[in-house]
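Have a look at upload.csv; it's CSV, C-alpha atoms:
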chain,number,residue,atom,x,y,z
A,28,MET,CA,0.0,0.0,0.0
A,29,ALA,CA,1.4,3.4,-1.0
A,30,GLY,CA,1.9,6.1,1.6
A,31,TYR,CA,0.4,8.8,-0.6
A,32,ARG,CA,-2.2,9.2,-3.4
A,33,LYS,CA,-0.8,9.1,-6.9
A,34,LEU,CA,-3.5,11.3,-8.4
A,35,GLY,CA,-3.2,9.7,-11.8
A,36,ARG,CA,0.0,11.5,-12.7
A,37,THR,CA,3.7,10.8,-13.1
A,38,SER,CA,5.8,11.8,-10.1
A,39,ASP,CA,7.2,15.0,-11.5
A,40,GLN,CA,3.7,16.2,-12.6
A,41,ARG,CA,2.3,15.2,-9.2
A,42,LYS,CA,5.0,17.1,-7.3
A,43,ALA,CA,4.5,20.2,-9.4
A,44,LEU,CA,0.7,20.1,-8.9
A,45,LEU,CA,1.1,19.7,-5.1
A,46,ARG,CA,3.7,22.5,-4.9
A,47,SER,CA,1.5,24.8,-6.9
A,48,GLN,CA,-1.6,24.1,-4.8
A,49,VAL,CA,0.3,24.5,-1.5
A,50,THR,CA,1.7,27.8,-2.7
A,51,SER,CA,-1.8,29.0,-3.7
A,52,LEU,CA,-3.3,27.9,-0.4
A,53,LEU,CA,-0.8,29.7,1.7
A,54,TYR,CA,-0.8,32.8,-0.4
A,55,ASN,CA,-4.6,33.1,-0.9
A,56,GLY,CA,-5.8,31.4,2.3
A,57,LYS,CA,-8.2,29.0,0.4
A,58,ILE,CA,-8.4,26.9,-2.8
A,59,ILE,CA,-11.1,24.8,-4.5
A,60,THR,CA,-9.9,21.4,-5.7
A,61,THR,CA,-10.9,17.7,-5.6
A,62,GLU,CA,-11.1,15.8,-2.3
A,63,ALA,CA,-8.1,13.5,-3.0
A,64,ARG,CA,-5.8,16.5,-4.0
A,65,ALA,CA,-7.0,18.5,-1.0
A,66,LYS,CA,-6.0,15.6,1.4
A,67,GLU,CA,-2.5,15.5,-0.1
A,68,VAL,CA,-2.1,19.3,-0.1
A,69,ARG,CA,-3.3,19.4,3.5
A,70,LYS,CA,-0.4,17.1,4.6
A,71,ILE,CA,2.3,19.4,3.0
A,72,ALA,CA,0.7,22.7,4.0
A,73,GLU,CA,0.2,21.7,7.7
A,74,GLY,CA,3.9,20.6,7.8
A,75,MET,CA,5.0,24.0,6.4
A,76,ILE,CA,2.8,25.9,9.0
A,77,ALA,CA,4.1,23.8,11.8
A,78,LEU,CA,7.6,24.6,10.7
A,79,ALA,CA,6.8,28.3,10.7
A,80,VAL,CA,5.2,28.2,14.1
A,81,LYS,CA,8.2,26.4,15.6
A,82,GLU,CA,10.7,28.9,14.2
A,83,LYS,CA,8.6,32.0,14.4
A,84,ASP,CA,10.7,34.0,17.0
A,85,ASN,CA,14.1,32.4,16.2
A,86,TYR,CA,16.0,35.4,15.0
A,87,GLU,CA,18.1,38.3,16.2
A,88,THR,CA,17.8,42.0,15.3
A,89,VAL,CA,21.1,43.5,14.1
A,90,THR,CA,21.9,47.1,13.3
A,91,VAL,CA,23.9,47.6,10.1
A,92,LYS,CA,25.2,50.7,8.3
A,93,THR,CA,24.0,51.0,4.8
A,94,LYS,CA,24.4,53.5,1.9
A,95,VAL,CA,21.2,55.1,0.6
A,96,ALA,CA,21.0,57.3,-2.4
A,97,GLN,CA,19.9,60.9,-1.8
A,98,LYS,CA,16.7,61.8,-3.5
A,99,ASP,CA,15.4,65.2,-4.7
A,100,ALA,CA,11.8,66.4,-4.5
A,101,ASP,CA,10.7,64.3,-7.5
A,102,GLY,CA,12.2,61.1,-6.0
A,103,LYS,CA,15.1,61.0,-8.4
A,104,ASN,CA,18.7,60.3,-7.3
A,105,ILE,CA,20.9,63.5,-6.8
A,106,LYS,CA,24.0,63.4,-9.0
A,107,GLN,CA,27.2,65.3,-8.4
A,108,GLU,CA,30.0,66.0,-10.8
A,109,VAL,CA,33.3,64.5,-9.7
A,110,ASP,CA,36.4,64.5,-12.1
A,111,GLY,CA,34.1,65.2,-15.1
A,112,LYS,CA,31.7,62.3,-14.3
A,113,LYS,CA,28.2,62.4,-12.8
A,114,VAL,CA,28.2,60.3,-9.6
A,115,THR,CA,25.2,59.6,-7.3
A,116,VAL,CA,25.4,61.0,-3.8
A,117,TYR,CA,24.9,58.6,-0.9
A,118,ASP,CA,24.1,58.9,2.8
A,119,THR,CA,25.1,56.4,5.4
A,120,VAL,CA,22.1,55.2,7.4
A,121,ASP,CA,21.7,52.8,10.3
A,122,LYS,CA,19.2,50.1,9.5
A,123,GLU,CA,17.8,47.3,11.7
A,124,ILE,CA,17.5,43.8,10.0
A,125,LYS,CA,16.3,40.4,11.2
A,126,LYS,CA,19.1,37.9,11.1
A,127,ASP,CA,17.8,34.3,11.1
A,128,LYS,CA,19.4,31.9,13.5
A,129,PRO,CA,20.6,28.6,11.8
A,130,SER,CA,17.5,26.5,12.5
A,131,ARG,CA,15.2,29.3,11.2
A,132,LEU,CA,17.4,29.6,8.1
A,133,HIS,CA,17.1,25.9,7.6
A,134,ALA,CA,13.3,26.1,7.9
A,135,ARG,CA,13.2,29.0,5.4
A,136,ARG,CA,15.2,26.9,2.9
A,137,GLN,CA,12.9,23.9,3.5
A,138,MET,CA,9.9,26.1,2.7
A,139,LEU,CA,11.6,27.5,-0.5
A,140,LYS,CA,12.0,23.9,-1.7
A,141,VAL,CA,8.2,23.6,-1.7
A,142,PHE,CA,6.9,27.1,-2.6
A,143,TYR,CA,6.9,28.5,-6.1
A,144,GLY,CA,7.6,32.2,-6.6
A,145,VAL,CA,4.6,34.5,-6.4
A,146,LYS,CA,4.3,37.8,-8.1
A,147,GLU,CA,1.8,40.4,-6.8
A,148,VAL,CA,0.3,42.6,-9.5
A,149,PRO,CA,-1.7,45.7,-8.5
A,150,THR,CA,-5.3,45.7,-9.8
A,151,ALA,CA,-4.8,49.2,-11.4
A,152,ASN,CA,-1.9,48.0,-13.7
A,153,LYS,CA,-3.3,44.6,-14.6
A,154,GLY,CA,-1.3,43.0,-17.4
A,155,LYS,CA,1.7,45.4,-17.0
A,156,LYS,CA,5.1,44.6,-15.5
A,157,LYS,CA,5.3,48.0,-13.8
A,158,ASN,CA,4.8,47.9,-10.0
A,159,THR,CA,4.7,44.1,-9.8
A,160,ARG,CA,6.6,42.8,-6.8
A,161,ASP,CA,7.8,39.4,-5.7
A,162,VAL,CA,6.1,38.1,-2.6
A,163,ASN,CA,8.5,36.5,0.0
A,164,LEU,CA,6.2,33.6,1.0
A,165,PRO,CA,8.5,32.3,3.9
A,166,ASN,CA,8.4,35.8,5.4
A,167,LYS,CA,4.7,35.8,5.1
A,168,MET,CA,4.6,32.4,6.8
A,169,PHE,CA,6.8,33.6,9.7
A,170,ASP,CA,5.2,37.1,10.2
A,171,GLU,CA,1.5,36.6,9.3
A,172,ILE,CA,0.4,33.0,9.3
A,173,ALA,CA,2.5,31.5,12.2
A,174,PRO,CA,1.4,34.1,14.9
A,175,LYS,CA,-2.2,33.1,14.3
A,176,TYR,CA,-1.5,29.4,15.0
A,177,VAL,CA,0.9,29.6,18.0
A,178,SER,CA,-1.7,28.4,20.5
A,179,ARG,CA,-2.9,25.6,18.2
A,180,ASN,CA,-1.5,22.1,18.1
A,181,GLY,CA,-2.0,21.1,14.5
A,182,GLY,CA,-5.3,21.2,12.5
A,183,TYR,CA,-4.4,24.4,10.6
A,184,THR,CA,-6.6,23.6,7.6
A,185,ARG,CA,-10.2,22.7,7.0
A,186,ILE,CA,-11.8,20.7,4.2
A,187,VAL,CA,-15.4,21.7,3.4
A,188,LYS,CA,-17.3,19.6,0.8
A,189,ILE,CA,-18.9,21.6,-2.0
A,190,GLY,CA,-20.5,18.9,-4.2
A,191,ASN,CA,-19.8,17.0,-7.3
A,192,ARG,CA,-18.1,18.7,-10.3
A,193,LYS,CA,-20.3,19.0,-13.4
A,194,GLY,CA,-17.9,17.6,-15.9
A,195,ASP,CA,-16.7,14.3,-14.3
A,196,GLY,CA,-18.6,14.0,-11.1
A,197,ALA,CA,-15.5,14.3,-8.9
A,198,MET,CA,-16.2,15.6,-5.3
A,199,GLU,CA,-15.0,19.2,-5.1
A,200,VAL,CA,-13.9,20.7,-1.8
A,201,LEU,CA,-12.9,24.0,-0.3
A,202,LEU,CA,-9.5,23.7,1.4
A,203,GLU,CA,-9.0,26.7,3.7
A,204,LEU,CA,-6.8,27.9,6.5
A,205,VAL,CA,-8.7,27.8,9.8
Could I get this file's structure written as structure tokens?
Amino acid sequence: MAGYRKLGRTSDQRKALLRSQVTSLLYNGKIITTEARAKEVRKIAEGMIALAVKEKDNYETVTVKTKVAQKDADGKNIKQEVDGKKVTVYDTVDKEIKKDKPSRLHARRQMLKVFYGVKEVPTANKGKKKNTRDVNLPNKMFDEIAPKYVSRNGGYTRIVKIGNRKGDGAMEVLLELV
């Protein structure tokens, strides 16, 4: 007996499907899929959330000095002429950053093995590359999702049956974060 559902796909297709659905679930908070897929996605997603909850506060805050370009009123970099060349003028600023401890860094890398990259597109510029930004899903897991589930011991997702799909009669479910 197999330890997982094969979902009628080859291993590479199955892994890609599950990675995609786990990424969508954790980014959007809910997905609609078939019952068999939902049960497989649930295993992976709950493992990722448990990892995030465990490593939530495992970092140290470090102050570093960084160079930041000076901006004018329009938001453009200020340039200065030095030896006949235009050079950007920089200020040195103290900045606080979160530095992961080794176990949290390992957890972040484990998550990155599962998650696909997510791009957030503003609704105003739909279809344009301008103002799109990459979403750091492990950061979202540590900062937004994990704090909600600290007091919970597992059971981070819920499967709600919707009904049979019109085309093939497969049972459709709503898989959502509790």
Per-residue nearest contacts range 95-156 of chain A to range 44-65 of chain A, cut-off 12 Å, using all atoms listed in the file, as JSON lines:
{"residue": "A:Met138", "atom": "CA", "partner": "A:Thr50", "partner_atom": "CA", "distance": 10.0}
{"residue": "A:Leu139", "atom": "CA", "partner": "A:Thr50", "partner_atom": "CA", "distance": 10.1}
{"residue": "A:Lys140", "atom": "CA", "partner": "A:Arg46", "partner_atom": "CA", "distance": 9.0}
{"residue": "A:Val141", "atom": "CA", "partner": "A:Arg46", "partner_atom": "CA", "distance": 5.6}
{"residue": "A:Phe142", "atom": "CA", "partner": "A:Thr50", "partner_atom": "CA", "distance": 5.2}
{"residue": "A:Tyr143", "atom": "CA", "partner": "A:Thr50", "partner_atom": "CA", "distance": 6.3}
{"residue": "A:Gly144", "atom": "CA", "partner": "A:Thr50", "partner_atom": "CA", "distance": 8.3}
{"residue": "A:Val145", "atom": "CA", "partner": "A:Thr50", "partner_atom": "CA", "distance": 8.2}
{"residue": "A:Lys146", "atom": "CA", "partner": "A:Tyr54", "partner_atom": "CA", "distance": 10.5}
{"residue": "A:Glu147", "atom": "CA", "partner": "A:Tyr54", "partner_atom": "CA", "distance": 10.3}
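Distance-wise, CA of Arg185 in chain A and CA of Ile172 in chain A end up 15.0 Å apart.
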Take the point (-3.0, 21.9, 10.0) in the file's coordinates, draw a sphere of radius 7 Å around it, and report as an mmCIF file with C-alpha atoms, keeping the file's coordinate frame every protein, DNA or RNA residue with an atom inside or on it, counting all atoms listed in the file.
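Result written to result22.cif:
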data_model
loop_
_atom_site.group_PDB
_atom_site.id
_atom_site.type_symbol
_atom_site.label_atom_id
_atom_site.label_comp_id
_atom_site.auth_asym_id
_atom_site.auth_seq_id
_atom_site.Cartn_x
_atom_site.Cartn_y
_atom_site.Cartn_z
ATOM 1 C CA ARG A 69 -3.300 19.400 3.500
ATOM 2 C CA GLU A 73 0.200 21.700 7.700
ATOM 3 C CA GLY A 181 -2.000 21.100 14.500
ATOM 4 C CA GLY A 182 -5.300 21.200 12.500
ATOM 5 C CA TYR A 183 -4.400 24.400 10.600
ATOM 6 C CA THR A 184 -6.600 23.600 7.600
#
Q: Rounded to one decimal place, report the CA of Glu203 in chain A-CA of Ala134 in chain A distance in Å.
A: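 Answer for the CA of Glu203 in chain A to CA of Ala134 in chain A separation: 22.7 Å.
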Q. Which residues, written as a list in words, have at least one atom at most 10 Å from range 113-118 of chain A, with all atoms listed in the file counted and residues fewer than 2 positions away on the same chain left out?
A.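 Listing them by chain and then by number gives Lys92, Thr93, Lys94, Val95, Ala96, Gln97, Lys98, Asn104, Ile105, Lys106, Gln107, Glu108, Val109, Asp110, Gly111, Val120 and Asp121 of chain A.
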Emit the selected residues as a PDB file, in the coordinates of the input, including C-alpha atoms.
ATOM      1  CA  LYS A  92      25.200  50.700   8.300  1.00  0.00           C
ATOM      2  CA  THR A  93      24.000  51.000   4.800  1.00  0.00           C
ATOM      3  CA  LYS A  94      24.400  53.500   1.900  1.00  0.00           C
ATOM      4  CA  VAL A  95      21.200  55.100   0.600  1.00  0.00           C
ATOM      5  CA  ALA A  96      21.000  57.300  -2.400  1.00  0.00           C
ATOM      6  CA  GLN A  97      19.900  60.900  -1.800  1.00  0.00           C
ATOM      7  CA  LYS A  98      16.700  61.800  -3.500  1.00  0.00           C
ATOM      8  CA  ASN A 104      18.700  60.300  -7.300  1.00  0.00           C
ATOM      9  CA  ILE A 105      20.900  63.500  -6.800  1.00  0.00           C
ATOM     10  CA  LYS A 106      24.000  63.400  -9.000  1.00  0.00           C
ATOM     11  CA  GLN A 107      27.200  65.300  -8.400  1.00  0.00           C
ATOM     12  CA  GLU A 108      30.000  66.000 -10.800  1.00  0.00           C
ATOM     13  CA  VAL A 109      33.300  64.500  -9.700  1.00  0.00           C
ATOM     14  CA  ASP A 110      36.400  64.500 -12.100  1.00  0.00           C
ATOM     15  CA  GLY A 111      34.100  65.200 -15.100  1.00  0.00           C
ATOM     16  CA  VAL A 120      22.100  55.200   7.400  1.00  0.00           C
ATOM     17  CA  ASP A 121      21.700  52.800  10.300  1.00  0.00           C
TER      18      ASP A 121
END
Q. Which value, in Å to one decimal, gives the distance between CA of Val177 in chain A and CA of Pro165 in chain A?
A. 16.2 Å
Do a neighbour search on Val80 in chain A at 10 Å with only C-alpha atoms, toss out local chain neighbours closer than 4 positions, and write the hits as a compact mmCIF listing (two decimals) with C-alpha atoms, in the coordinates of the input.
# COMPACT_ATOMS: atom_id res chain seq x y z
CA GLY A 74 3.90 20.60 7.80
CA MET A 75 5.00 24.00 6.40
CA ILE A 76 2.80 25.90 9.00
CA ASP A 84 10.70 34.00 17.00
CA MET A 168 4.60 32.40 6.80
CA PHE A 169 6.80 33.60 9.70
CA ASP A 170 5.20 37.10 10.20
CA ILE A 172 0.40 33.00 9.30
CA ALA A 173 2.50 31.50 12.20
CA PRO A 174 1.40 34.10 14.90
CA LYS A 175 -2.20 33.10 14.30
CA TYR A 176 -1.50 29.40 15.00
CA VAL A 177 0.90 29.60 18.00
CA SER A 178 -1.70 28.40 20.50
CA ARG A 179 -2.90 25.60 18.20
CA ASN A 180 -1.50 22.10 18.10
Q. Using only C-alpha atoms, which residue out of A:Lys70, A:Gly194, A:Asn152, A:Asn85 lies closest to Ser130 in chain A?
A. A:Asn85
Q) Which one of A:Lys66, A:Lys122, A:Lys167, A:Lys33 sits closest to Ala79 in chain A if you count all atoms listed in the file? A)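 Among the listed residues, the smallest separation from Ala79 in chain A belongs to A:Lys167.
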Would you kindly place N, CA, C and O atoms on range 69-90 of chain A and return the model as a compact mmCIF listing (two decimals), in the coordinates of the input?
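Here's the written file rebuild23.txt:
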# COMPACT_ATOMS: atom_id res chain seq x y z
N ARG A 69 -3.13 19.15 2.07
CA ARG A 69 -3.30 19.40 3.50
C ARG A 69 -2.03 18.90 4.26
O ARG A 69 -1.51 19.59 5.14
N LYS A 70 -1.54 17.70 3.93
CA LYS A 70 -0.40 17.10 4.60
C LYS A 70 0.84 18.07 4.50
O LYS A 70 1.52 18.34 5.48
N ILE A 71 1.08 18.54 3.27
CA ILE A 71 2.30 19.40 3.00
C ILE A 71 2.09 20.74 3.69
O ILE A 71 3.00 21.24 4.35
N ALA A 72 0.91 21.35 3.51
CA ALA A 72 0.70 22.70 4.00
C ALA A 72 0.75 22.71 5.57
O ALA A 72 1.35 23.63 6.14
N GLU A 73 0.20 21.70 6.22
CA GLU A 73 0.20 21.70 7.70
C GLU A 73 1.68 21.51 8.17
O GLU A 73 2.06 22.07 9.20
N GLY A 74 2.49 20.75 7.42
CA GLY A 74 3.90 20.60 7.80
C GLY A 74 4.63 21.96 7.68
O GLY A 74 5.45 22.31 8.54
N MET A 75 4.34 22.72 6.63
CA MET A 75 5.00 24.00 6.40
C MET A 75 4.56 25.01 7.55
O MET A 75 5.38 25.75 8.08
N ILE A 76 3.27 24.99 7.90
CA ILE A 76 2.80 25.90 9.00
C ILE A 76 3.40 25.50 10.29
O ILE A 76 3.83 26.37 11.07
N ALA A 77 3.50 24.22 10.58
CA ALA A 77 4.10 23.80 11.80
C ALA A 77 5.57 24.19 11.91
O ALA A 77 6.05 24.61 12.97
N LEU A 78 6.26 24.13 10.79
CA LEU A 78 7.60 24.60 10.70
C LEU A 78 7.75 26.07 11.01
O LEU A 78 8.62 26.51 11.77
N ALA A 79 6.84 26.85 10.44
CA ALA A 79 6.80 28.30 10.70
C ALA A 79 6.52 28.65 12.10
O ALA A 79 7.13 29.55 12.69
N VAL A 80 5.56 27.94 12.69
CA VAL A 80 5.20 28.20 14.10
C VAL A 80 6.37 27.89 15.01
O VAL A 80 6.66 28.65 15.94
N LYS A 81 7.05 26.79 14.74
CA LYS A 81 8.20 26.40 15.60
C LYS A 81 9.32 27.40 15.54
O LYS A 81 9.95 27.68 16.55
N GLU A 82 9.58 27.97 14.37
CA GLU A 82 10.70 28.90 14.20
C GLU A 82 10.34 30.35 14.14
O GLU A 82 11.14 31.19 13.74
N LYS A 83 9.14 30.69 14.56
CA LYS A 83 8.60 32.00 14.40
C LYS A 83 9.50 33.12 15.04
O LYS A 83 9.79 34.13 14.42
N ASP A 84 9.94 32.93 16.27
CA ASP A 84 10.70 34.00 17.00
C ASP A 84 12.20 33.66 17.05
O ASP A 84 12.90 34.21 17.89
N ASN A 85 12.69 32.81 16.17
CA ASN A 85 14.10 32.40 16.20
C ASN A 85 14.97 33.23 15.33
O ASN A 85 15.51 32.76 14.35
N TYR A 86 15.09 34.51 15.70
CA TYR A 86 16.00 35.40 15.00
C TYR A 86 16.53 36.45 15.91
O TYR A 86 16.10 36.57 17.05
N GLU A 87 17.53 37.18 15.45
CA GLU A 87 18.10 38.30 16.20
C GLU A 87 18.06 39.54 15.39
O GLU A 87 18.19 39.48 14.17
N THR A 88 17.86 40.67 16.04
CA THR A 88 17.80 42.00 15.30
C THR A 88 19.22 42.55 15.37
O THR A 88 19.84 42.66 16.43
N VAL A 89 19.71 42.94 14.19
CA VAL A 89 21.10 43.50 14.10
C VAL A 89 20.99 44.84 13.39
O VAL A 89 20.21 45.04 12.45
N THR A 90 21.79 45.78 13.88
CA THR A 90 21.90 47.10 13.30
C THR A 90 23.07 47.14 12.34
O THR A 90 24.19 46.81 12.75
